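Shown next: model_35.txt, containing compact mmCIF, C-alpha atoms.
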```txt
# COMPACT_ATOMS: atom_id res chain seq x y z
CA SER A 1455 13.14 2.79 -20.35
CA VAL A 1456 16.88 2.82 -19.74
CA HIS A 1457 18.27 -0.52 -18.59
CA ARG A 1458 20.52 -0.45 -15.55
CA PRO A 1459 23.43 -2.85 -15.00
CA ALA A 1460 22.53 -6.03 -13.14
CA MET A 1461 23.40 -5.95 -9.45
CA ILE A 1462 24.94 -8.96 -7.72
CA ARG A 1463 23.48 -9.82 -4.32
CA GLU A 1464 25.42 -11.44 -1.51
CA ASP A 1465 23.59 -14.72 -2.09
CA GLY A 1466 24.77 -14.79 -5.71
CA ARG A 1467 21.44 -13.89 -7.27
CA THR A 1468 21.18 -10.90 -9.55
CA TRP A 1469 18.47 -8.41 -10.32
CA ARG A 1470 18.13 -5.41 -12.56
CA HIS A 1471 16.52 -2.00 -12.46
CA THR A 1472 14.96 -1.08 -15.80
CA GLY A 1473 14.55 2.59 -14.93
CA ARG A 1474 10.85 2.45 -14.04
CA MET A 1475 11.52 1.16 -10.53
CA THR A 1476 14.29 3.45 -9.33
CA PRO A 1477 13.05 6.81 -8.02
CA ALA A 1478 11.86 6.24 -4.44
CA GLN A 1479 14.39 3.83 -3.08
CA ALA A 1480 17.67 5.34 -4.22
CA MET A 1481 17.09 8.95 -5.31
CA HIS A 1482 14.44 10.12 -2.85
CA SER A 1483 14.81 8.08 0.32
CA ALA A 1484 18.63 8.29 0.24
CA LEU A 1485 18.48 5.83 3.13
CA ASN A 1486 19.20 2.61 1.29
CA VAL A 1487 21.71 2.70 -1.53
CA ASN A 1488 20.98 -0.94 -2.35
CA PRO A 1489 17.16 -1.05 -2.38
CA PHE A 1490 15.44 -4.37 -1.72
CA HIS A 1491 18.63 -5.76 -0.15
CA ALA A 1492 16.62 -7.89 2.27
CA VAL A 1493 14.19 -9.38 -0.23
CA ALA A 1494 14.15 -13.17 -0.39
CA PHE A 1495 14.06 -14.30 -4.01
CA PRO A 1496 11.50 -16.94 -4.99
CA ALA A 1497 12.90 -20.22 -6.24
CA MET A 1498 13.72 -20.01 -9.94
CA GLU A 1499 11.45 -22.92 -10.83
CA THR A 1500 8.46 -21.04 -9.36
CA ILE A 1501 8.96 -17.86 -11.41
CA PRO A 1502 6.75 -17.53 -14.51
CA THR A 1503 8.74 -17.28 -17.72
CA ALA A 1504 7.61 -13.72 -18.32
CA TYR A 1505 9.30 -12.61 -15.09
CA LYS A 1506 12.68 -14.31 -15.51
CA GLY A 1507 14.32 -11.30 -17.10
CA ASP A 1508 14.02 -12.52 -20.70
CA GLY A 1509 16.14 -10.43 -23.03
CA PHE A 1510 18.18 -8.89 -20.23
CA GLY A 1511 21.15 -11.21 -20.69
CA PRO A 1512 22.53 -14.20 -18.81
CA GLY A 1513 22.45 -14.26 -15.03
CA VAL A 1514 19.44 -12.01 -14.57
CA THR A 1515 17.02 -14.03 -12.45
CA PHE A 1516 14.23 -11.59 -11.74
CA ASP A 1517 12.87 -8.27 -12.96
CA TRP A 1518 11.58 -6.16 -10.07
CA ASP A 1519 9.64 -3.94 -12.45
CA PHE A 1520 7.24 -6.81 -12.91
CA TYR A 1521 7.31 -8.21 -9.38
CA HIS A 1522 5.94 -5.25 -7.44
CA ARG A 1523 3.05 -4.95 -9.93
CA THR A 1524 1.86 -8.57 -9.85
CA TRP A 1525 -0.42 -10.70 -7.72
CA THR A 1526 2.60 -12.84 -6.81
CA PHE A 1527 3.85 -10.05 -4.51
CA TYR A 1528 4.82 -11.61 -1.14
CA PRO A 1529 5.39 -9.00 1.59
CA LEU A 1530 6.62 -11.52 4.17
CA SER A 1531 9.85 -11.87 2.17
CA TRP A 1532 10.61 -8.14 2.50
CA SER A 1533 12.21 -6.33 5.44
CA HIS A 1534 10.16 -3.54 7.04
CA ASP A 1535 12.67 -0.98 5.80
CA ASP A 1536 12.28 -2.16 2.21
CA LEU A 1537 8.49 -2.27 2.53
CA SER A 1538 8.56 1.33 3.74
CA ASP A 1539 10.62 2.31 0.70
CA LEU A 1540 8.19 0.47 -1.55
CA LEU A 1541 5.20 2.33 -0.07
CA LEU A 1542 6.99 5.57 -0.84
CA HIS A 1543 7.64 4.38 -4.36
CA PHE A 1544 3.94 3.74 -5.03
CA PHE A 1545 3.22 7.46 -4.60
CA HIS A 1546 6.03 8.29 -7.02
CA GLU A 1547 5.10 5.78 -9.69
CA GLY A 1548 1.43 6.73 -9.43
CA GLY A 1549 2.43 10.33 -10.13
CA PHE A 1550 0.87 11.64 -6.91
CA VAL A 1551 4.01 13.23 -5.47
CA GLU A 1552 4.40 15.51 -8.47
CA MET A 1553 0.69 15.91 -9.15
CA PHE A 1554 -0.22 17.12 -5.67
CA ASN A 1555 3.17 18.48 -4.58
CA ILE A 1556 3.39 16.00 -1.72
CA PRO A 1557 6.26 16.86 0.66
CA LEU A 1558 8.53 13.82 0.75
CA ASP A 1559 9.49 14.32 4.38
CA ASN A 1560 5.82 14.37 5.39
CA LEU A 1561 5.18 11.23 3.37
CA ARG A 1562 8.14 9.45 4.95
CA ARG A 1563 6.94 10.41 8.42
CA LEU A 1564 3.41 9.24 7.57
CA ILE A 1565 4.74 5.85 6.47
CA GLN A 1566 6.86 5.57 9.63
CA SER A 1567 3.85 6.47 11.78
CA VAL A 1568 1.75 3.79 10.09
CA ARG A 1569 4.55 1.30 10.68
CA ASP A 1570 4.83 2.31 14.35
CA GLN A 1571 1.09 1.88 14.93
CA MET A 1572 0.91 -1.65 13.53
CA HIS A 1573 1.32 -4.45 16.09
CA ALA A 1574 3.05 -7.80 15.65
CA ASN A 1575 -0.23 -9.63 15.06
CA PRO A 1576 -0.27 -12.87 13.03
CA TYR A 1577 -2.33 -11.18 10.31
CA HIS A 1578 -3.20 -7.52 10.94
CA ASN A 1579 0.40 -6.30 10.87
CA PHE A 1580 2.62 -4.01 8.79
CA GLU A 1581 3.09 -6.69 6.14
CA HIS A 1582 -0.69 -6.85 5.74
CA ILE A 1583 -0.84 -3.07 5.30
CA CYS A 1584 1.77 -3.27 2.55
CA ASP A 1585 0.05 -6.25 0.91
CA VAL A 1586 -3.27 -4.39 0.70
CA THR A 1587 -1.61 -1.18 -0.46
CA GLN A 1588 0.28 -3.04 -3.20
CA ALA A 1589 -2.97 -4.64 -4.42
CA CYS A 1590 -4.75 -1.27 -4.43
CA PHE A 1591 -1.80 0.26 -6.28
CA CYS A 1592 -2.16 -2.41 -8.99
CA PHE A 1593 -5.89 -1.73 -9.26
CA CYS A 1594 -5.41 2.05 -9.35
CA GLN A 1595 -2.75 1.82 -12.07
CA SER A 1596 -4.88 -0.41 -14.29
CA PRO A 1597 -6.08 1.06 -17.61
CA THR A 1598 -9.67 0.98 -16.38
CA ALA A 1599 -8.87 2.96 -13.23
CA LEU A 1600 -6.61 5.39 -15.05
CA GLY A 1601 -9.33 6.02 -17.62
CA ASN A 1602 -12.23 6.43 -15.22
CA LEU A 1603 -11.12 7.41 -11.71
CA PRO A 1604 -10.08 10.99 -10.94
CA GLU A 1605 -6.56 11.39 -9.56
CA THR A 1606 -7.96 12.41 -6.17
CA HIS A 1607 -9.91 9.14 -5.96
CA ARG A 1608 -6.89 7.01 -6.80
CA LEU A 1609 -4.81 8.87 -4.23
CA ALA A 1610 -7.54 8.39 -1.61
CA VAL A 1611 -7.65 4.63 -2.24
CA LEU A 1612 -3.89 4.37 -1.80
CA LEU A 1613 -3.92 6.41 1.41
CA ALA A 1614 -6.90 4.48 2.78
CA ALA A 1615 -5.17 1.17 2.07
CA MET A 1616 -2.09 2.32 3.95
CA THR A 1617 -4.06 3.52 7.01
CA HIS A 1618 -7.02 1.13 7.07
CA ASP A 1619 -5.94 -1.02 10.05
CA LEU A 1620 -4.07 1.38 12.34
CA ASP A 1621 -3.61 0.07 15.90
CA HIS A 1622 -5.48 -3.15 15.06
CA PRO A 1623 -5.60 -5.35 18.18
CA GLY A 1624 -5.77 -8.57 16.18
CA VAL A 1625 -9.32 -9.47 17.22
CA THR A 1626 -12.76 -8.93 15.68
CA ASN A 1627 -15.47 -6.40 16.42
CA LEU A 1628 -17.59 -9.18 17.92
CA PHE A 1629 -14.76 -10.12 20.28
CA LEU A 1630 -14.49 -6.50 21.41
CA LYS A 1631 -18.25 -6.34 21.97
CA ASN A 1632 -18.29 -9.53 24.03
CA ASP A 1633 -15.28 -8.33 26.01
CA ASN A 1634 -16.88 -4.94 26.76
CA ASP A 1635 -13.75 -3.33 25.36
CA ILE A 1636 -13.19 0.40 25.82
CA LEU A 1637 -13.25 0.86 22.04
CA VAL A 1638 -16.89 -0.27 21.99
CA ALA A 1639 -17.77 2.37 24.57
CA ARG A 1640 -15.93 4.96 22.47
CA TYR A 1641 -17.17 4.10 18.97
CA GLY A 1642 -20.23 1.88 19.42
CA VAL A 1643 -20.84 -1.72 18.34
CA GLU A 1644 -21.19 -1.02 14.61
CA GLY A 1645 -17.82 -0.96 12.87
CA THR A 1646 -15.97 -0.42 16.13
CA LEU A 1647 -12.49 -1.07 14.79
CA GLU A 1648 -13.13 0.67 11.48
CA HIS A 1649 -14.16 3.87 13.25
CA HIS A 1650 -11.05 3.57 15.41
CA HIS A 1651 -8.87 3.22 12.31
CA VAL A 1652 -10.54 6.26 10.72
CA HIS A 1653 -9.98 8.34 13.85
CA LEU A 1654 -6.26 7.50 13.92
CA ALA A 1655 -5.86 7.96 10.17
CA LEU A 1656 -7.39 11.44 10.19
CA GLU A 1657 -5.09 12.37 13.08
CA LEU A 1658 -2.12 11.57 10.83
CA PHE A 1659 -3.39 13.89 8.09
CA ALA A 1660 -2.25 16.88 10.10
CA GLY A 1661 1.03 18.48 11.04
CA ASP A 1662 4.30 17.03 9.78
CA THR A 1663 2.75 13.69 8.74
CA ASP A 1664 0.21 15.30 6.42
CA PRO A 1665 0.92 14.45 2.76
CA LEU A 1666 -1.97 16.65 1.57
CA VAL A 1667 -0.71 19.92 2.99
CA ASN A 1668 -0.19 21.51 -0.45
CA MET A 1669 -3.53 20.45 -1.96
CA LEU A 1670 -6.33 22.88 -2.70
CA ALA A 1671 -8.89 22.92 0.12
CA ASP A 1672 -11.72 21.33 -1.87
CA ALA A 1673 -9.50 18.54 -3.24
CA ARG A 1674 -8.09 17.83 0.22
CA LYS A 1675 -11.59 17.66 1.70
CA GLU A 1676 -12.65 15.21 -1.03
CA VAL A 1677 -9.60 12.97 -0.47
CA LEU A 1678 -10.21 12.82 3.29
CA ARG A 1679 -13.91 12.09 2.75
CA LEU A 1680 -13.01 9.17 0.50
CA VAL A 1681 -10.31 7.88 2.84
CA GLU A 1682 -12.88 7.72 5.63
CA LYS A 1683 -15.45 6.07 3.38
CA CYS A 1684 -12.97 3.46 2.14
CA ILE A 1685 -11.77 2.54 5.63
CA LEU A 1686 -15.32 2.18 6.95
CA ALA A 1687 -16.11 -0.07 3.98
CA THR A 1688 -13.53 -2.61 5.25
CA ASP A 1689 -16.03 -3.66 7.94
CA MET A 1690 -16.71 -7.25 6.86
CA SER A 1691 -20.27 -7.08 8.16
CA ARG A 1692 -20.92 -4.67 5.27
CA HIS A 1693 -19.18 -6.79 2.64
CA LYS A 1694 -22.20 -8.58 1.21
CA LYS A 1695 -24.23 -5.38 0.84
CA ILE A 1696 -21.32 -3.64 -0.89
CA VAL A 1697 -20.88 -6.56 -3.30
CA ASP A 1698 -24.63 -6.64 -3.98
CA ASP A 1699 -24.64 -2.90 -4.66
CA VAL A 1700 -21.75 -3.25 -7.12
CA GLU A 1701 -23.36 -6.21 -8.87
CA ALA A 1702 -26.56 -4.19 -9.28
CA LEU A 1703 -24.55 -1.68 -11.32
CA MET A 1704 -23.20 -4.35 -13.67
CA PRO A 1705 -24.75 -5.03 -17.07
CA ALA A 1706 -26.87 -8.16 -17.15
CA ASP A 1707 -24.44 -9.91 -19.50
CA PHE A 1708 -21.29 -8.94 -17.53
```
What do you get writing this file as structure tokens?
Amino acid sequence: SVHRPAMIREDGRTWRHTGRMTPAQAMHSALNVNPFHAVAFPAMETIPTAYKGDGFGPGVTFDWDFYHRTWTFYPLSWSHDDLSDLLLHFFHEGGFVEMFNIPLDNLRRLIQSVRDQMHANPYHNFEHICDVTQACFCFCQSPTALGNLPETHRLAVLLAAMTHDLDHPGVTNLFLKNDNDILVARYGVEGTLEHHHVHLALELFAGDTDPLVNMLADARKEVLRLVEKCILATDMSRHKKIVDDVEALMPADF
């Protein structure tokens, strides 16, 4: 990839684009000419050697190409605007924008709608959405996923991650049941919140927030089916059964 000049931040730190991390923030969003301006850098002594910008010259303290693809990703150090740009970037780097002719304006509006529907909860907030989506992006871009999962499946996982907790009230399904909450009356006691999240997510896949508007009908139907299935699978009461089912598929010596 083509190395970009290092950029000096106001706090004196520097960072560098390597060319693999540039499309969404600067070229396509056109909203933030200095992407990641609000990111808080980790302390130098905590950065693994591989991520210190080795070979990029003196003064380069971090390589963002590595950071957004690692398990050290820390969304609480990012502004909401930068997190929104990063979500957009995942669809570019994954190749989905070009592959499925996703309208960028629709995708931006979808991301903004997700952001608007997330409350300032201690945990189930917009940062959590971005944390989960970043992890799913790493999984979906792994060699195993690239070699075995169809593009529609990887896209569905990314979309499900981004919409899996819409309008989360910050309490559990059991709390809602004991409180006789209106959501229980609407969706039932099994997976109350998960069904609520699915309902809101599918509402977004319509009109000017629909990123799938240019997909073939059968592919679109498959993506939406998988988005629903993935969101419903986040019900923690189903976690053990899902893990057991996966383990049953594993070779005995795995």
May I ask which of the residues A:Pro1529, A:Gly1548, A:Gly1624, A:Pro1557 is the closest one to Pro1665 (chain A), counting all atoms listed in the file? A:Pro1557
Which residue, A:His1622, A:Lys1631, A:His1651, A:Arg1692, has the smallest gap to His1573 (chain A) when you use only C-alpha atoms? A:His1622
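Within the 12 Å cut-off around Asn1555 (chain A), using all atoms listed in the file and omitting residues fewer than 6 positions from it on the same chain, the listed residues are Phe1545, His1546, Gly1549, Leu1561, Asp1664, Pro1665, Leu1666, Val1667, Asn1668, Met1669 and Leu1670 of chain A.
The coordinates place CA of Glu1657 (chain A) at 22.6 Å from CA of Leu1537 (chain A).
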Val1638 (chain A) proximity check over A:Asp1672, A:Leu1541, A:Ala1614, A:His1650, using all atoms listed in the file: winner is A:His1650
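Closest approach to Gly1645 (chain A) among A:Arg1679, A:His1522, A:Arg1608, A:His1693: A:His1693, based on all atoms listed in the file.
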Within 9 Å of Ser1538 (chain A), counting only C-alpha atoms, which residues qualify if same-chain residues fewer than 4 places away don't, as a list of chain:residue names? A:Ser1533, A:His1534, A:Leu1542, A:His1543, A:Arg1562, A:Ile1565, A:Gln1566, A:Arg1569, A:Cys1584
File dump, residues just selected, C-alpha atoms, as a PDB file, in the frame of the given file:
```pdb
ATOM      1  CA  SER A1533      12.210  -6.330   5.440  1.00  0.00           C
ATOM      2  CA  HIS A1534      10.160  -3.540   7.040  1.00  0.00           C
ATOM      3  CA  LEU A1542       6.990   5.570  -0.840  1.00  0.00           C
ATOM      4  CA  HIS A1543       7.640   4.380  -4.360  1.00  0.00           C
ATOM      5  CA  ARG A1562       8.140   9.450   4.950  1.00  0.00           C
ATOM      6  CA  ILE A1565       4.740   5.850   6.470  1.00  0.00           C
ATOM      7  CA  GLN A1566       6.860   5.570   9.630  1.00  0.00           C
ATOM      8  CA  ARG A1569       4.550   1.300  10.680  1.00  0.00           C
ATOM      9  CA  CYS A1584       1.770  -3.270   2.550  1.00  0.00           C
TER      10      CYS A1584
END
```
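The shortest atom-to-atom distance to Met1553 (chain A), with only C-alpha atoms taken into account, belongs to A:Leu1609 out of A:Leu1609, A:Leu1678, A:Leu1654, A:Ala1671.
Picture a line from CA of Leu1630 (chain A) to CA of Glu1644 (chain A); it runs 11.0 Å.
Distance annotation: of A:Asp1633, A:Glu1552, A:Asp1539, A:Glu1682, the residue with the minimal separation from Ala1655 (chain A) is A:Glu1682; atom set is all atoms listed in the file.
Atom pair CA of Asp1536 (chain A) / CA of Asp1621 (chain A) has a distance of 21.1 Å (rounded to one decimal).
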Within 10 Å of His1653 (chain A), counting only C-alpha atoms, which residues show up once you throw out same-chain ones fewer than 5 positions away? Write them as a list in words, please. Leu1620, Tyr1641, Leu1647, Glu1648, Leu1658 and Glu1682 of chain A
